$ cat model20.cif   # mmCIF, C-alpha atoms
data_my_file
loop_
_atom_site.label_atom_id
_atom_site.label_comp_id
_atom_site.auth_asym_id
_atom_site.auth_seq_id
_atom_site.Cartn_x
_atom_site.Cartn_y
_atom_site.Cartn_z
CA MET A 227 34.70 -88.47 -47.06
CA ILE A 228 31.19 -87.54 -46.01
CA LYS A 229 28.44 -90.10 -46.46
CA GLY A 230 24.99 -91.01 -45.25
CA LYS A 231 21.37 -91.44 -46.27
CA ILE A 232 18.19 -89.39 -46.01
CA LYS A 233 14.64 -90.53 -46.66
CA PRO A 234 13.59 -89.65 -50.23
CA ILE A 235 10.69 -87.17 -50.17
CA TRP A 236 10.73 -86.34 -53.87
CA LYS A 237 9.05 -87.72 -56.98
CA SER A 238 10.88 -88.34 -60.24
CA THR A 239 8.67 -85.81 -62.06
CA GLU A 240 10.10 -83.09 -59.79
CA TYR A 241 13.53 -83.44 -61.42
CA LYS A 242 12.97 -85.25 -64.72
CA LYS A 243 10.44 -82.76 -66.12
CA VAL A 244 12.49 -79.61 -65.54
CA LYS A 245 14.20 -77.52 -68.22
CA TRP A 246 17.79 -78.74 -68.55
CA ARG A 247 20.72 -76.92 -70.11
CA SER A 248 24.24 -78.05 -70.87
CA ASN A 249 26.88 -76.84 -68.43
CA THR A 250 29.31 -75.58 -71.06
CA ASN A 251 33.02 -74.82 -70.74
CA HIS A 252 33.57 -77.60 -68.24
CA TYR A 253 37.33 -77.31 -68.04
CA ALA A 254 37.11 -73.74 -66.75
CA HIS A 255 35.45 -75.12 -63.61
CA PHE A 256 37.95 -77.77 -62.57
CA GLN A 257 41.58 -78.82 -62.74
CA THR A 258 42.38 -82.00 -64.63
CA SER A 259 45.26 -83.37 -66.63
CA ASN A 260 45.76 -82.20 -70.22
CA ASN A 261 45.41 -85.83 -71.24
CA ASN A 262 41.91 -86.02 -69.72
CA GLU A 263 40.92 -82.78 -71.42
CA LYS A 264 41.99 -84.08 -74.84
CA GLN A 265 40.70 -87.61 -74.38
CA TYR A 266 37.23 -86.83 -72.97
CA ALA A 267 36.46 -83.48 -74.61
CA GLN A 268 33.46 -84.81 -76.55
CA GLN A 269 31.90 -86.72 -73.64
CA VAL A 270 32.42 -84.35 -70.73
CA GLY A 271 29.26 -82.96 -69.38
CA VAL A 272 26.48 -82.52 -66.95
CA PHE A 273 23.12 -80.95 -67.65
CA ILE A 274 21.95 -78.57 -64.94
CA ASN A 275 18.67 -76.94 -63.99
CA ASP A 276 18.70 -73.23 -63.18
CA THR A 277 15.60 -73.16 -60.98
CA VAL A 278 15.67 -75.62 -58.10
CA SER A 279 12.34 -76.07 -56.33
CA ASP A 280 11.82 -75.24 -52.67
CA LYS A 281 11.65 -78.96 -51.91
CA PHE A 282 15.28 -79.47 -53.01
CA GLN A 283 16.37 -76.23 -51.33
CA ASN A 284 14.86 -77.54 -48.08
CA ILE A 285 16.64 -80.88 -48.47
CA ALA A 286 19.93 -78.97 -48.68
CA LYS A 287 19.17 -77.35 -45.32
CA LYS A 288 19.42 -80.77 -43.64
CA PHE A 289 23.20 -80.64 -44.17
CA LYS A 290 23.53 -77.48 -42.02
CA LEU A 291 25.93 -75.77 -44.43
CA LYS A 292 26.22 -72.00 -44.77
CA GLN A 293 26.04 -70.05 -48.04
CA THR A 294 24.46 -73.04 -49.77
CA VAL A 295 24.09 -73.36 -53.53
CA VAL A 296 21.93 -76.18 -54.90
CA ALA A 297 21.76 -77.63 -58.42
CA LEU A 298 20.00 -80.53 -60.06
CA ASN A 299 22.37 -82.51 -62.28
CA LYS A 300 21.69 -84.98 -65.06
CA MET A 301 24.36 -87.14 -66.69
CA THR A 302 23.14 -88.73 -69.90
CA VAL A 303 24.51 -92.06 -71.07
CA GLY A 304 28.15 -91.71 -72.08
CA GLN A 305 28.87 -88.46 -70.23
CA ILE A 306 32.07 -88.30 -68.20
CA LEU A 307 33.65 -85.91 -65.72
CA PRO A 308 37.19 -87.30 -65.56
CA TRP A 309 39.42 -87.15 -62.46
CA HIS A 310 39.56 -83.55 -61.31
CA LYS A 311 39.52 -81.10 -58.42
CA ASP A 312 36.84 -78.39 -58.42
CA LYS A 313 38.00 -74.76 -58.53
CA TYR A 314 34.75 -73.27 -57.14
CA ALA A 315 35.82 -69.93 -58.68
CA THR A 316 32.29 -68.54 -59.16
CA TYR A 317 31.14 -69.81 -55.76
CA ILE A 318 34.16 -68.27 -54.02
CA LYS A 319 33.72 -64.93 -55.79
CA ARG A 320 29.94 -64.64 -55.27
CA ASN A 321 30.11 -65.65 -51.62
CA LYS A 322 33.35 -63.83 -50.75
CA ILE A 323 34.89 -67.01 -49.34
CA LYS A 324 38.11 -66.45 -47.40
CA ASN A 325 38.92 -70.01 -46.32
CA LYS A 326 38.51 -72.43 -49.26
CA LYS A 327 39.21 -75.43 -47.03
CA LYS A 328 35.74 -75.05 -45.47
CA ILE A 329 33.98 -75.60 -48.83
CA VAL A 330 32.04 -78.85 -48.99
CA ARG A 331 30.35 -80.51 -51.97
CA ILE A 332 27.60 -83.09 -51.42
CA ILE A 333 26.15 -85.34 -54.14
CA LEU A 334 22.75 -86.81 -53.25
CA PHE A 335 21.42 -89.66 -55.42
CA LEU A 336 17.85 -88.93 -56.50
CA GLU A 337 17.42 -92.50 -57.76
CA ASP A 338 18.97 -95.85 -56.93
CA SER A 339 22.44 -96.27 -58.45
CA LEU A 340 22.35 -98.40 -61.57
CA PRO A 341 25.16 -100.40 -63.17
CA GLY A 342 27.50 -97.93 -64.88
CA HIS A 343 26.54 -94.92 -62.74
CA GLN A 344 29.80 -93.91 -61.14
CA LEU A 345 30.97 -91.46 -58.52
CA TRP A 346 34.52 -91.85 -57.28
CA ILE A 347 35.95 -89.83 -54.39
CA ASN A 348 39.67 -90.52 -54.16
CA ASP A 349 39.78 -94.33 -54.27
CA ASN A 350 36.18 -94.90 -53.11
CA LEU A 351 33.45 -95.96 -55.52
CA CYS A 352 30.24 -94.42 -54.14
CA TYR A 353 26.87 -95.97 -54.88
CA GLY A 354 23.59 -96.61 -53.10
CA LYS A 355 19.83 -96.29 -53.04
CA ALA A 356 17.92 -93.05 -53.61
CA GLY A 357 18.68 -90.71 -50.71
CA SER A 358 22.30 -91.86 -50.35
CA TYR A 359 24.75 -89.00 -50.29
CA PHE A 360 28.51 -88.58 -50.52
CA GLY A 361 30.66 -85.51 -50.11
CA TRP A 362 34.13 -84.09 -49.93
CA HIS A 363 36.06 -81.01 -48.90
CA TYR A 364 37.84 -78.51 -51.13
CA GLY A 365 40.85 -79.97 -52.93
CA THR A 366 39.58 -83.57 -53.08
CA LYS A 367 40.09 -85.49 -56.30
CA HIS A 368 36.94 -87.09 -57.70
CA MET A 369 35.19 -88.15 -60.92
CA ALA A 370 31.76 -89.10 -62.20
CA ALA A 371 30.55 -91.00 -65.23
CA ASN A 372 27.44 -92.49 -66.71
CA LEU A 373 28.56 -95.66 -68.41
CA GLY A 374 25.13 -97.22 -67.91
CA GLU A 375 21.95 -97.43 -69.93
CA LYS A 376 19.78 -94.77 -68.23
CA ASP A 377 20.28 -91.13 -67.26
CA ARG A 378 21.78 -90.44 -63.81
CA TYR A 379 20.11 -87.77 -61.62
CA THR A 380 21.70 -86.15 -58.58
CA LEU A 381 21.26 -83.15 -56.34
CA GLN A 382 24.49 -81.17 -55.90
CA ILE A 383 24.88 -79.10 -52.76
CA THR A 384 27.81 -76.74 -52.18
CA GLY A 385 28.34 -74.86 -48.94
CA ILE A 386 30.56 -73.91 -46.04
CA GLN A 387 30.98 -76.29 -43.13
CA ASP A 388 31.57 -74.94 -39.67
CA GLU A 389 34.34 -76.55 -37.70
#
$ encode --input "model20.cif" --output "structure tokens"
Amino acid sequence: MIKGKIKPIWKSTEYKKVKWRSNTNHYAHFQTSNNNEKQYAQQVGVFINDTVSDKFQNIAKKFKLKQTVVALNKMTVGQILPWHKDKYATYIKRNKIKNKKKIVRIILFLEDSLPGHQLWINDNLCYGKAGSYFGWHYGTKHMAANLGEKDRYTLQITGIQDE
């Protein structure tokens, strides 16, 4: 597991006041059990922003990944991404990735974790103050949920890590 903290240099208006859209067809993007798909079908979701400002693009550069893709994510109260492994199909195709094992996903908390805001990587519950980040390599099982009372905002960074 990858983890650490960077100093927050952003304001909440820079991610809360953007145009959000639902990331539809969630199950096409990850592998999960049929039971999860049936049980959580109505609650699965993350809202994403299509245009990420230069400020967030520059934050992603701090992780020294290649072929980086950055997205702002919002989980509203009650949204769940059950246990799964990401397929990265679009990322792999667009970036002509040969070695999937070099793919890294980083989740950076834009706000302090609140009760009910969950990110699990394998058997680790990940939480922290704004600027805390957690990541994993291709093939790692993880989940996220917002079982709290306020929306959960994160910056998602995907890229290739050199050895």
$ resolve_selection --input "model20.cif" --expression "the PyMOL selection byres ((chain A and resi 229-232) around 12)" --output "compact mmCIF listing (two decimals) with C-alpha atoms, in the frame of the given file"
# COMPACT_ATOMS: atom_id res chain seq x y z
CA MET A 227 34.70 -88.47 -47.06
CA ILE A 228 31.19 -87.54 -46.01
CA LYS A 233 14.64 -90.53 -46.66
CA PRO A 234 13.59 -89.65 -50.23
CA ILE A 235 10.69 -87.17 -50.17
CA TRP A 236 10.73 -86.34 -53.87
CA ILE A 285 16.64 -80.88 -48.47
CA ALA A 286 19.93 -78.97 -48.68
CA LYS A 288 19.42 -80.77 -43.64
CA PHE A 289 23.20 -80.64 -44.17
CA ARG A 331 30.35 -80.51 -51.97
CA ILE A 332 27.60 -83.09 -51.42
CA ILE A 333 26.15 -85.34 -54.14
CA LEU A 334 22.75 -86.81 -53.25
CA PHE A 335 21.42 -89.66 -55.42
CA LEU A 336 17.85 -88.93 -56.50
CA ASP A 338 18.97 -95.85 -56.93
CA ILE A 347 35.95 -89.83 -54.39
CA ASN A 350 36.18 -94.90 -53.11
CA LEU A 351 33.45 -95.96 -55.52
CA CYS A 352 30.24 -94.42 -54.14
CA TYR A 353 26.87 -95.97 -54.88
CA GLY A 354 23.59 -96.61 -53.10
CA LYS A 355 19.83 -96.29 -53.04
CA ALA A 356 17.92 -93.05 -53.61
CA GLY A 357 18.68 -90.71 -50.71
CA SER A 358 22.30 -91.86 -50.35
CA TYR A 359 24.75 -89.00 -50.29
CA PHE A 360 28.51 -88.58 -50.52
CA GLY A 361 30.66 -85.51 -50.11
CA TRP A 362 34.13 -84.09 -49.93
$ closest_residue --input "model20.cif" --among "A:Lys290, A:Lys281, A:His368, A:Lys311" --to "Gly385 in chain A" --atoms "all atoms listed in the file"
A:Lys290
$ closest_residue --input "model20.cif" --among "A:His310, A:Lys287, A:His343, A:Lys242" --to "Met369 in chain A" --atoms "only C-alpha atoms"
A:His310
$ resolve_selection --input "model20.cif" --expression "the PyMOL selection byres ((chain A and resi 382) around 7)" --output "list of chain:residue names"
A:Val296, A:Ala297, A:Leu298, A:Asn299, A:Ile332, A:Ile333, A:Leu334, A:Thr380, A:Leu381, A:Ile383, A:Thr384
$ atom_distance --input "model20.cif" --atom1 "CA of Val295 in chain A" --atom2 "CA of Asp388 in chain A"
15.8 Å
$ atom_distance --input "model20.cif" --atom1 "CA of Leu345 in chain A" --atom2 "CA of Ala371 in chain A"
6.7 Å
$ closest_residue --input "model20.cif" --among "A:Gln293, A:Thr366, A:Ser238, A:Gln387" --to "Asp312 in chain A" --atoms "only C-alpha atoms"
A:Thr366
$ atom_distance --input "model20.cif" --atom1 "CA of Ile323 in chain A" --atom2 "CA of Tyr364 in chain A"
12.0 Å
$ closest_residue --input "model20.cif" --among "A:Leu340, A:Leu291, A:Met301, A:Ile386" --to "Lys322 in chain A" --atoms "all atoms listed in the file"
A:Ile386
$ closest_residue --input "model20.cif" --among "A:His363, A:Gly374, A:Gln344, A:Val244" --to "Leu307 in chain A" --atoms "only C-alpha atoms"
A:Gln344
$ residues_near_point --input "model20.cif" --point "(18.5, -95.2, -68.7)" --cutoff "9 Å" --atoms "all atoms listed in the file" --output "count of residues only"
8
$ closest_residue --input "model20.cif" --among "A:Ser248, A:Ser339, A:Thr294, A:Gln305" --to "Tyr317 in chain A" --atoms "only C-alpha atoms"
A:Thr294
$ build_atoms --input "model20.cif" --residues "range 344-365 of chain A" --atoms "N, CA, C and O atoms" --output "PDB file, keeping the file's coordinate frame"
ATOM      1  N   GLN A 344      28.607 -93.943 -61.976  1.00  0.00           N
ATOM      2  CA  GLN A 344      29.800 -93.910 -61.140  1.00  0.00           C
ATOM      3  C   GLN A 344      30.032 -92.550 -60.503  1.00  0.00           C
ATOM      4  O   GLN A 344      29.839 -91.521 -61.134  1.00  0.00           O
ATOM      5  N   LEU A 345      30.440 -92.594 -59.254  1.00  0.00           N
ATOM      6  CA  LEU A 345      30.970 -91.460 -58.520  1.00  0.00           C
ATOM      7  C   LEU A 345      32.156 -92.000 -57.738  1.00  0.00           C
ATOM      8  O   LEU A 345      31.989 -92.924 -56.937  1.00  0.00           O
ATOM      9  N   TRP A 346      33.315 -91.466 -57.999  1.00  0.00           N
ATOM     10  CA  TRP A 346      34.520 -91.850 -57.280  1.00  0.00           C
ATOM     11  C   TRP A 346      35.005 -90.636 -56.492  1.00  0.00           C
ATOM     12  O   TRP A 346      35.097 -89.536 -57.033  1.00  0.00           O
ATOM     13  N   ILE A 347      35.311 -90.840 -55.225  1.00  0.00           N
ATOM     14  CA  ILE A 347      35.950 -89.830 -54.390  1.00  0.00           C
ATOM     15  C   ILE A 347      37.243 -90.458 -53.915  1.00  0.00           C
ATOM     16  O   ILE A 347      37.216 -91.463 -53.198  1.00  0.00           O
ATOM     17  N   ASN A 348      38.364 -89.880 -54.357  1.00  0.00           N
ATOM     18  CA  ASN A 348      39.670 -90.520 -54.160  1.00  0.00           C
ATOM     19  C   ASN A 348      39.565 -91.963 -54.650  1.00  0.00           C
ATOM     20  O   ASN A 348      39.208 -92.171 -55.791  1.00  0.00           O
ATOM     21  N   ASP A 349      39.832 -92.943 -53.803  1.00  0.00           N
ATOM     22  CA  ASP A 349      39.780 -94.330 -54.270  1.00  0.00           C
ATOM     23  C   ASP A 349      38.513 -95.056 -53.823  1.00  0.00           C
ATOM     24  O   ASP A 349      38.471 -96.277 -53.752  1.00  0.00           O
ATOM     25  N   ASN A 350      37.446 -94.312 -53.553  1.00  0.00           N
ATOM     26  CA  ASN A 350      36.180 -94.900 -53.110  1.00  0.00           C
ATOM     27  C   ASN A 350      35.114 -94.791 -54.189  1.00  0.00           C
ATOM     28  O   ASN A 350      34.772 -93.686 -54.612  1.00  0.00           O
ATOM     29  N   LEU A 351      34.587 -95.936 -54.615  1.00  0.00           N
ATOM     30  CA  LEU A 351      33.450 -95.960 -55.520  1.00  0.00           C
ATOM     31  C   LEU A 351      32.197 -95.792 -54.664  1.00  0.00           C
ATOM     32  O   LEU A 351      31.955 -96.564 -53.737  1.00  0.00           O
ATOM     33  N   CYS A 352      31.400 -94.771 -54.959  1.00  0.00           N
ATOM     34  CA  CYS A 352      30.240 -94.420 -54.140  1.00  0.00           C
ATOM     35  C   CYS A 352      28.959 -94.775 -54.893  1.00  0.00           C
ATOM     36  O   CYS A 352      28.760 -94.319 -56.016  1.00  0.00           O
ATOM     37  N   TYR A 353      28.133 -95.587 -54.278  1.00  0.00           N
ATOM     38  CA  TYR A 353      26.870 -95.970 -54.880  1.00  0.00           C
ATOM     39  C   TYR A 353      25.875 -96.270 -53.770  1.00  0.00           C
ATOM     40  O   TYR A 353      26.260 -96.447 -52.607  1.00  0.00           O
ATOM     41  N   GLY A 354      24.590 -96.315 -54.117  1.00  0.00           N
ATOM     42  CA  GLY A 354      23.590 -96.610 -53.100  1.00  0.00           C
ATOM     43  C   GLY A 354      22.190 -96.366 -53.623  1.00  0.00           C
ATOM     44  O   GLY A 354      21.975 -96.043 -54.789  1.00  0.00           O
ATOM     45  N   LYS A 355      21.244 -96.505 -52.733  1.00  0.00           N
ATOM     46  CA  LYS A 355      19.830 -96.290 -53.040  1.00  0.00           C
ATOM     47  C   LYS A 355      19.531 -94.792 -53.081  1.00  0.00           C
ATOM     48  O   LYS A 355      20.328 -93.973 -52.627  1.00  0.00           O
ATOM     49  N   ALA A 356      18.369 -94.454 -53.603  1.00  0.00           N
ATOM     50  CA  ALA A 356      17.920 -93.050 -53.610  1.00  0.00           C
ATOM     51  C   ALA A 356      17.988 -92.517 -52.176  1.00  0.00           C
ATOM     52  O   ALA A 356      17.589 -93.199 -51.235  1.00  0.00           O
ATOM     53  N   GLY A 357      18.511 -91.314 -52.024  1.00  0.00           N
ATOM     54  CA  GLY A 357      18.680 -90.710 -50.710  1.00  0.00           C
ATOM     55  C   GLY A 357      20.089 -90.861 -50.158  1.00  0.00           C
ATOM     56  O   GLY A 357      20.453 -90.195 -49.191  1.00  0.00           O
ATOM     57  N   SER A 358      20.896 -91.731 -50.767  1.00  0.00           N
ATOM     58  CA  SER A 358      22.300 -91.860 -50.350  1.00  0.00           C
ATOM     59  C   SER A 358      23.046 -90.617 -50.781  1.00  0.00           C
ATOM     60  O   SER A 358      22.795 -90.071 -51.860  1.00  0.00           O
ATOM     61  N   TYR A 359      23.949 -90.163 -49.925  1.00  0.00           N
ATOM     62  CA  TYR A 359      24.750 -89.000 -50.290  1.00  0.00           C
ATOM     63  C   TYR A 359      26.207 -89.219 -49.922  1.00  0.00           C
ATOM     64  O   TYR A 359      26.538 -89.986 -49.029  1.00  0.00           O
ATOM     65  N   PHE A 360      27.054 -88.509 -50.690  1.00  0.00           N
ATOM     66  CA  PHE A 360      28.510 -88.580 -50.520  1.00  0.00           C
ATOM     67  C   PHE A 360      29.057 -87.181 -50.710  1.00  0.00           C
ATOM     68  O   PHE A 360      28.544 -86.408 -51.524  1.00  0.00           O
ATOM     69  N   GLY A 361      30.103 -86.851 -49.986  1.00  0.00           N
ATOM     70  CA  GLY A 361      30.660 -85.510 -50.110  1.00  0.00           C
ATOM     71  C   GLY A 361      32.139 -85.472 -49.831  1.00  0.00           C
ATOM     72  O   GLY A 361      32.745 -86.457 -49.392  1.00  0.00           O
ATOM     73  N   TRP A 362      32.702 -84.293 -50.109  1.00  0.00           N
ATOM     74  CA  TRP A 362      34.130 -84.090 -49.930  1.00  0.00           C
ATOM     75  C   TRP A 362      34.410 -82.629 -49.654  1.00  0.00           C
ATOM     76  O   TRP A 362      33.565 -81.768 -49.860  1.00  0.00           O
ATOM     77  N   HIS A 363      35.597 -82.368 -49.181  1.00  0.00           N
ATOM     78  CA  HIS A 363      36.060 -81.010 -48.900  1.00  0.00           C
ATOM     79  C   HIS A 363      36.890 -80.488 -50.074  1.00  0.00           C
ATOM     80  O   HIS A 363      37.376 -81.264 -50.906  1.00  0.00           O
ATOM     81  N   TYR A 364      37.043 -79.189 -50.101  1.00  0.00           N
ATOM     82  CA  TYR A 364      37.840 -78.510 -51.130  1.00  0.00           C
ATOM     83  C   TYR A 364      39.171 -79.237 -51.341  1.00  0.00           C
ATOM     84  O   TYR A 364      39.820 -79.649 -50.387  1.00  0.00           O
ATOM     85  N   GLY A 365      39.557 -79.383 -52.595  1.00  0.00           N
ATOM     86  CA  GLY A 365      40.850 -79.970 -52.930  1.00  0.00           C
ATOM     87  C   GLY A 365      40.840 -81.478 -53.095  1.00  0.00           C
ATOM     88  O   GLY A 365      41.881 -82.080 -53.348  1.00  0.00           O
TER      89      GLY A 365
END
